[in-house]
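The structure under discussion appears below in the form of structure tokens.
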Amino acid sequence: MSTNDAITQEMRKVARELLETKAVGKVIGWGVGSKWHPTQPLIISDPADAEKLVWDDFAIAGTATYLLNERDHEHKIAIFVKGCDSRGVNRLIQDYQIERERLVIIGIPCSGKKDPRMVQQQRGKQGDIPLDKKCQECRYHNPVVYDQLLGEPVDITPRDDRMQEIIDIENLTPDEKYKIFTEAFSKCIRCFACRNACPACNCRDCIFDHTRPQWVDKSNELADNQMYHLIRAIHMIGRCVECGECERVCPQDVPLMLINKKLIKDVNQLFGPYDAGVDLEARPPLVYYKTEDPEEFH
Ligand code: SF4
Ligand code: SF4
Ligand code: SF4
């Protein structure tokens, strides 16, 4: 039996037991999609549906964001998490969106997931499909928080060049930088998939859903796209858990991680090393302030 199949069996067993004993009311994991790819998020409440859970090379979708649908209920929830998902869960706990006591977190070490978008390009030859970009740059393959771990921790040395493309852009002239971001944001159709997939975008009341005042128009003007991404970027400072989900789900291939990584790089430079969503006790920069903090913009 392959490692994936063994973990799938374990997932089903754990989920079935938790639902049968009513230790939890729901389980969030992954299930097979309409084809052999892509594996999709799956939320179950019936123990019989535990058989639909699956862990395979395409179980890349983030699970943390689905906890937002549960914040107004009282039942406990079991959630399967990879490293990236576990940082998203911590983000939600730290933002008071869900209580840690309501969660049974089941971690699964992850050596990388394949990019489902490459399937068609590779004409379905599964062995040739590369890892998704976010997995190539992953630094937390093992979950950072869990109650139970399925499988053995993986030991993968992270790449040390993930900020190189940011450094390259920093070295460009303002006009060259503007061109890059203008081209990127011109492609955006403002579908809000990036916002909806993001565990750090967890406000109940999002300003982009309002028309009074209307911060961005419904039309696809570049200026409105720029405003949308600028506002979202400001809200992500010190809070982005670098899960890569926003960029992965974007139907227009907008390189959103360029913005997120720039914010992360600057926060690290200005406030010291900080990885959002890794340590629940670590206080996020820009969330707390002292009255004697410098206010250079005055
Ligand atoms: S980012 Fe890391 S933890 Fe998340 S799916 Fe990719 S390799 Fe796994
Ligand atoms: S997912 Fe892509 S196209 Fe949709 S709003 Fe975000 S950047 Fe724009
Ligand atoms: S901005 Fe993107 S990378 Fe950052 S937490 Fe949100 S979805 Fe993840």
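Chain identifiers are assigned as A, B, and so on, following the order in which chains appear in the structure tokens; residues are numbered from 1 within each chain, and ligands are numbered from 1 in order of appearance.
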Can you build me a table of chain A residues sitting at most 8 Å from ligand 1, with the closest atom pair per residue and its distance in Å to one decimal, using only C-alpha atoms and all ligand atoms, sorted by chain and residue number, as JSON lines?
```
{"residue": "A:Ala59", "atom": "CA", "partner": "ligand 1", "partner_atom_place_in_ligand_line": "5 (S)", "distance": 7.4}
{"residue": "A:Ile60", "atom": "CA", "partner": "ligand 1", "partner_atom_place_in_ligand_line": "5 (S)", "distance": 5.0}
{"residue": "A:Ala61", "atom": "CA", "partner": "ligand 1", "partner_atom_place_in_ligand_line": "5 (S)", "distance": 7.6}
{"residue": "A:Gly62", "atom": "CA", "partner": "ligand 1", "partner_atom_place_in_ligand_line": "4 (Fe)", "distance": 7.8}
{"residue": "A:Lys82", "atom": "CA", "partner": "ligand 1", "partner_atom_place_in_ligand_line": "3 (S)", "distance": 4.7}
{"residue": "A:Gly83", "atom": "CA", "partner": "ligand 1", "partner_atom_place_in_ligand_line": "3 (S)", "distance": 3.9}
{"residue": "A:Cys84", "atom": "CA", "partner": "ligand 1", "partner_atom_place_in_ligand_line": "4 (Fe)", "distance": 4.2}
{"residue": "A:Asp85", "atom": "CA", "partner": "ligand 1", "partner_atom_place_in_ligand_line": "4 (Fe)", "distance": 6.7}
{"residue": "A:Pro109", "atom": "CA", "partner": "ligand 1", "partner_atom_place_in_ligand_line": "3 (S)", "distance": 7.2}
{"residue": "A:Cys110", "atom": "CA", "partner": "ligand 1", "partner_atom_place_in_ligand_line": "8 (Fe)", "distance": 4.4}
{"residue": "A:Ser111", "atom": "CA", "partner": "ligand 1", "partner_atom_place_in_ligand_line": "7 (S)", "distance": 5.1}
{"residue": "A:Gly112", "atom": "CA", "partner": "ligand 1", "partner_atom_place_in_ligand_line": "7 (S)", "distance": 3.5}
{"residue": "A:Lys113", "atom": "CA", "partner": "ligand 1", "partner_atom_place_in_ligand_line": "5 (S)", "distance": 5.2}
{"residue": "A:Leu131", "atom": "CA", "partner": "ligand 1", "partner_atom_place_in_ligand_line": "6 (Fe)", "distance": 8.0}
{"residue": "A:Asp132", "atom": "CA", "partner": "ligand 1", "partner_atom_place_in_ligand_line": "6 (Fe)", "distance": 7.0}
{"residue": "A:Lys134", "atom": "CA", "partner": "ligand 1", "partner_atom_place_in_ligand_line": "1 (S)", "distance": 5.1}
{"residue": "A:Cys135", "atom": "CA", "partner": "ligand 1", "partner_atom_place_in_ligand_line": "6 (Fe)", "distance": 3.4}
{"residue": "A:Gln136", "atom": "CA", "partner": "ligand 1", "partner_atom_place_in_ligand_line": "7 (S)", "distance": 6.9}
{"residue": "A:Glu137", "atom": "CA", "partner": "ligand 1", "partner_atom_place_in_ligand_line": "1 (S)", "distance": 7.2}
{"residue": "A:Cys138", "atom": "CA", "partner": "ligand 1", "partner_atom_place_in_ligand_line": "2 (Fe)", "distance": 4.4}
{"residue": "A:Arg139", "atom": "CA", "partner": "ligand 1", "partner_atom_place_in_ligand_line": "2 (Fe)", "distance": 6.6}
{"residue": "A:Tyr140", "atom": "CA", "partner": "ligand 1", "partner_atom_place_in_ligand_line": "2 (Fe)", "distance": 5.7}
{"residue": "A:His141", "atom": "CA", "partner": "ligand 1", "partner_atom_place_in_ligand_line": "3 (S)", "distance": 4.3}
{"residue": "A:Asn142", "atom": "CA", "partner": "ligand 1", "partner_atom_place_in_ligand_line": "3 (S)", "distance": 6.6}
{"residue": "A:Pro143", "atom": "CA", "partner": "ligand 1", "partner_atom_place_in_ligand_line": "3 (S)", "distance": 7.3}
{"residue": "A:Cys243", "atom": "CA", "partner": "ligand 1", "partner_atom_place_in_ligand_line": "1 (S)", "distance": 6.0}
{"residue": "A:Gly244", "atom": "CA", "partner": "ligand 1", "partner_atom_place_in_ligand_line": "1 (S)", "distance": 7.1}
```
**OP:** DSSP on the backbone, then: every residue of stretch 95-275 of chain A marked helix (DSSP H, G or I), written as a PyMOL selection string.
**Re:** chain A and resi 100-102+118-121+126-128+133-136+164-170+174-186+193-196+207-209+222-236+245-249+256-271
**OP:** Fewer than 5 positions away in the same chain doesn't count, so skip those; otherwise give me all residues within 7 Å of A:Trp30, counting only C-alpha atoms, as a VMD selection string.
**Re:** chain A and resid 39 to 42 53 to 55 59
Residues of chain A that approach ligand 3 to 6 Å or less, counting only C-alpha atoms and all ligand atoms: could you list each one with the shortest pair of atoms and its distance in Å to one decimal, rows by chain and increasing residue number, as a Markdown table?
```
| residue | atom | partner | partner_atom_place_in_ligand_line | distance |
| --- | --- | --- | --- | --- |
| A:Ala197 | CA | ligand 3 | 7 (S) | 5.8 |
| A:Cys198 | CA | ligand 3 | 7 (S) | 3.6 |
| A:Pro199 | CA | ligand 3 | 5 (S) | 5.5 |
| A:Ala200 | CA | ligand 3 | 5 (S) | 5.0 |
| A:Cys240 | CA | ligand 3 | 4 (Fe) | 3.7 |
| A:Val241 | CA | ligand 3 | 5 (S) | 4.3 |
| A:Glu242 | CA | ligand 3 | 3 (S) | 3.8 |
| A:Cys243 | CA | ligand 3 | 8 (Fe) | 4.0 |
| A:Gly244 | CA | ligand 3 | 3 (S) | 3.9 |
| A:Glu245 | CA | ligand 3 | 7 (S) | 4.3 |
| A:Cys246 | CA | ligand 3 | 7 (S) | 4.0 |
```
Subject >> Proximity to ligand 2 - best of A:Ile234, A:Leu19, A:Val249, A:Ile156, only C-alpha atoms and all ligand atoms >> reply: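 Among the listed residues, A:Val249 lies closest to ligand 2.
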Original post:
In Å, with one decimal, what is the gap from atom CA of A:Asn171 to atom CA of A:Asp266?
Top reply: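 The value is 14.6 Å.
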Subject >> 9 Å contact set for A:Gly277, only C-alpha atoms, chain neighbours under 2 positions out, as a VMD selection string >> reply: chain A and resid 86 to 92 94 144 239 to 241 275 279 to 280 282 284
Neighbours of ligand 2 within 7 Å, counting only C-alpha atoms and all ligand atoms, as a short mmCIF file (atom, residue, chain, number, x, y, z; two decimals) with N, CA, C and O atoms, in the first residue's frame?
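Written out: result.cif:
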```cif
data_model
loop_
_atom_site.label_atom_id
_atom_site.label_comp_id
_atom_site.auth_asym_id
_atom_site.auth_seq_id
_atom_site.Cartn_x
_atom_site.Cartn_y
_atom_site.Cartn_z
N LYS A 187 -4.96 42.23 -15.62
CA LYS A 187 -5.56 40.92 -15.91
C LYS A 187 -6.68 40.56 -14.94
O LYS A 187 -7.50 39.69 -15.20
N CYS A 188 -6.68 41.22 -13.78
CA CYS A 188 -7.62 40.85 -12.71
C CYS A 188 -9.07 41.10 -13.13
O CYS A 188 -9.38 42.17 -13.67
N ILE A 189 -9.93 40.14 -12.91
CA ILE A 189 -11.36 40.31 -13.24
C ILE A 189 -12.17 40.54 -11.97
O ILE A 189 -13.39 40.47 -11.97
N ARG A 190 -11.51 40.77 -10.88
CA ARG A 190 -12.11 41.02 -9.56
C ARG A 190 -13.21 39.99 -9.23
O ARG A 190 -14.34 40.32 -8.89
N CYS A 191 -12.79 38.74 -9.33
CA CYS A 191 -13.72 37.65 -8.99
C CYS A 191 -13.74 37.39 -7.48
O CYS A 191 -14.58 36.67 -6.98
N PHE A 192 -12.76 37.95 -6.77
CA PHE A 192 -12.63 37.81 -5.31
C PHE A 192 -12.26 36.40 -4.84
O PHE A 192 -12.39 36.08 -3.67
N ALA A 193 -11.83 35.55 -5.78
CA ALA A 193 -11.40 34.21 -5.36
C ALA A 193 -10.22 34.30 -4.40
O ALA A 193 -10.12 33.54 -3.44
N CYS A 194 -9.31 35.26 -4.67
CA CYS A 194 -8.13 35.40 -3.79
C CYS A 194 -8.55 35.77 -2.38
O CYS A 194 -8.03 35.25 -1.40
N ARG A 195 -9.54 36.65 -2.27
CA ARG A 195 -10.04 37.03 -0.95
C ARG A 195 -10.73 35.84 -0.28
O ARG A 195 -10.51 35.55 0.89
N CYS A 246 -4.08 32.37 -2.44
CA CYS A 246 -4.64 33.44 -3.27
C CYS A 246 -4.14 33.32 -4.71
O CYS A 246 -4.93 33.36 -5.66
N GLU A 247 -2.85 33.14 -4.85
CA GLU A 247 -2.27 33.04 -6.20
C GLU A 247 -2.68 31.73 -6.87
O GLU A 247 -2.96 31.70 -8.06
N VAL A 249 -5.44 30.01 -6.58
CA VAL A 249 -6.82 29.93 -7.06
C VAL A 249 -7.14 30.99 -8.12
O VAL A 249 -8.22 30.95 -8.71
N CYS A 250 -6.23 31.92 -8.35
CA CYS A 250 -6.54 33.01 -9.29
C CYS A 250 -6.71 32.48 -10.71
O CYS A 250 -5.80 31.87 -11.27
N PRO A 251 -7.87 32.72 -11.32
CA PRO A 251 -8.09 32.22 -12.68
C PRO A 251 -7.33 33.01 -13.73
O PRO A 251 -7.25 32.58 -14.89
N GLN A 252 -6.76 34.16 -13.35
CA GLN A 252 -6.09 35.03 -14.31
C GLN A 252 -4.57 35.02 -14.14
O GLN A 252 -3.88 35.84 -14.75
N ASP A 253 -4.07 34.15 -13.30
CA ASP A 253 -2.62 34.07 -13.06
C ASP A 253 -2.02 35.41 -12.64
O ASP A 253 -0.91 35.77 -13.06
N VAL A 254 -2.72 36.15 -11.82
CA VAL A 254 -2.16 37.38 -11.27
C VAL A 254 -1.11 36.98 -10.22
O VAL A 254 -1.41 36.19 -9.31
N LEU A 256 0.07 37.25 -7.31
CA LEU A 256 -0.22 37.90 -6.02
C LEU A 256 0.87 37.70 -4.98
O LEU A 256 1.04 38.52 -4.08
#
```
Original post:
Residues at most 12 Å from A:Glu170, counting only C-alpha atoms, excluding those fewer than 6 positions away in the same chain, as a list in words?
Top reply: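 The residues satisfying every condition are Met163, Gln164, Glu176, Lys177, Tyr178, Ile180, Leu258, Ile259, Lys261, Lys262, Lys265 and Asp266 of chain A.
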Identify, with DSSP run on backbone atoms, the residues in stretch 1-54 of chain A assigned to strand (DSSP E), and express the list as a PDB file with C-alpha atoms, in the first residue's frame.
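Just written: selection15.pdb:
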```pdb
ATOM      1  CA  LYS A  26     -18.080  18.134  11.184  1.00  0.00           C
ATOM      2  CA  VAL A  27     -14.850  17.064   9.551  1.00  0.00           C
ATOM      3  CA  ILE A  28     -12.989  19.202   7.026  1.00  0.00           C
ATOM      4  CA  GLY A  29     -10.608  17.374   4.682  1.00  0.00           C
ATOM      5  CA  TRP A  30     -10.274  16.482   1.014  1.00  0.00           C
ATOM      6  CA  GLY A  31     -12.315  14.260  -1.307  1.00  0.00           C
ATOM      7  CA  GLN A  40     -11.308  19.016  -3.647  1.00  0.00           C
ATOM      8  CA  PRO A  41     -12.024  20.194  -0.117  1.00  0.00           C
ATOM      9  CA  LEU A  42     -14.658  17.963   1.480  1.00  0.00           C
ATOM     10  CA  ILE A  43     -16.763  18.737   4.560  1.00  0.00           C
ATOM     11  CA  ILE A  44     -18.671  15.850   6.092  1.00  0.00           C
TER      12      ILE A  44
END
```
Original post:
For A:Pro255, which of A:Tyr66, A:Phe181, A:Phe80, A:Trp215 is the closest residue, counting only C-alpha atoms?
Top reply: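 Of all the options, A:Phe181 lies closest to A:Pro255.
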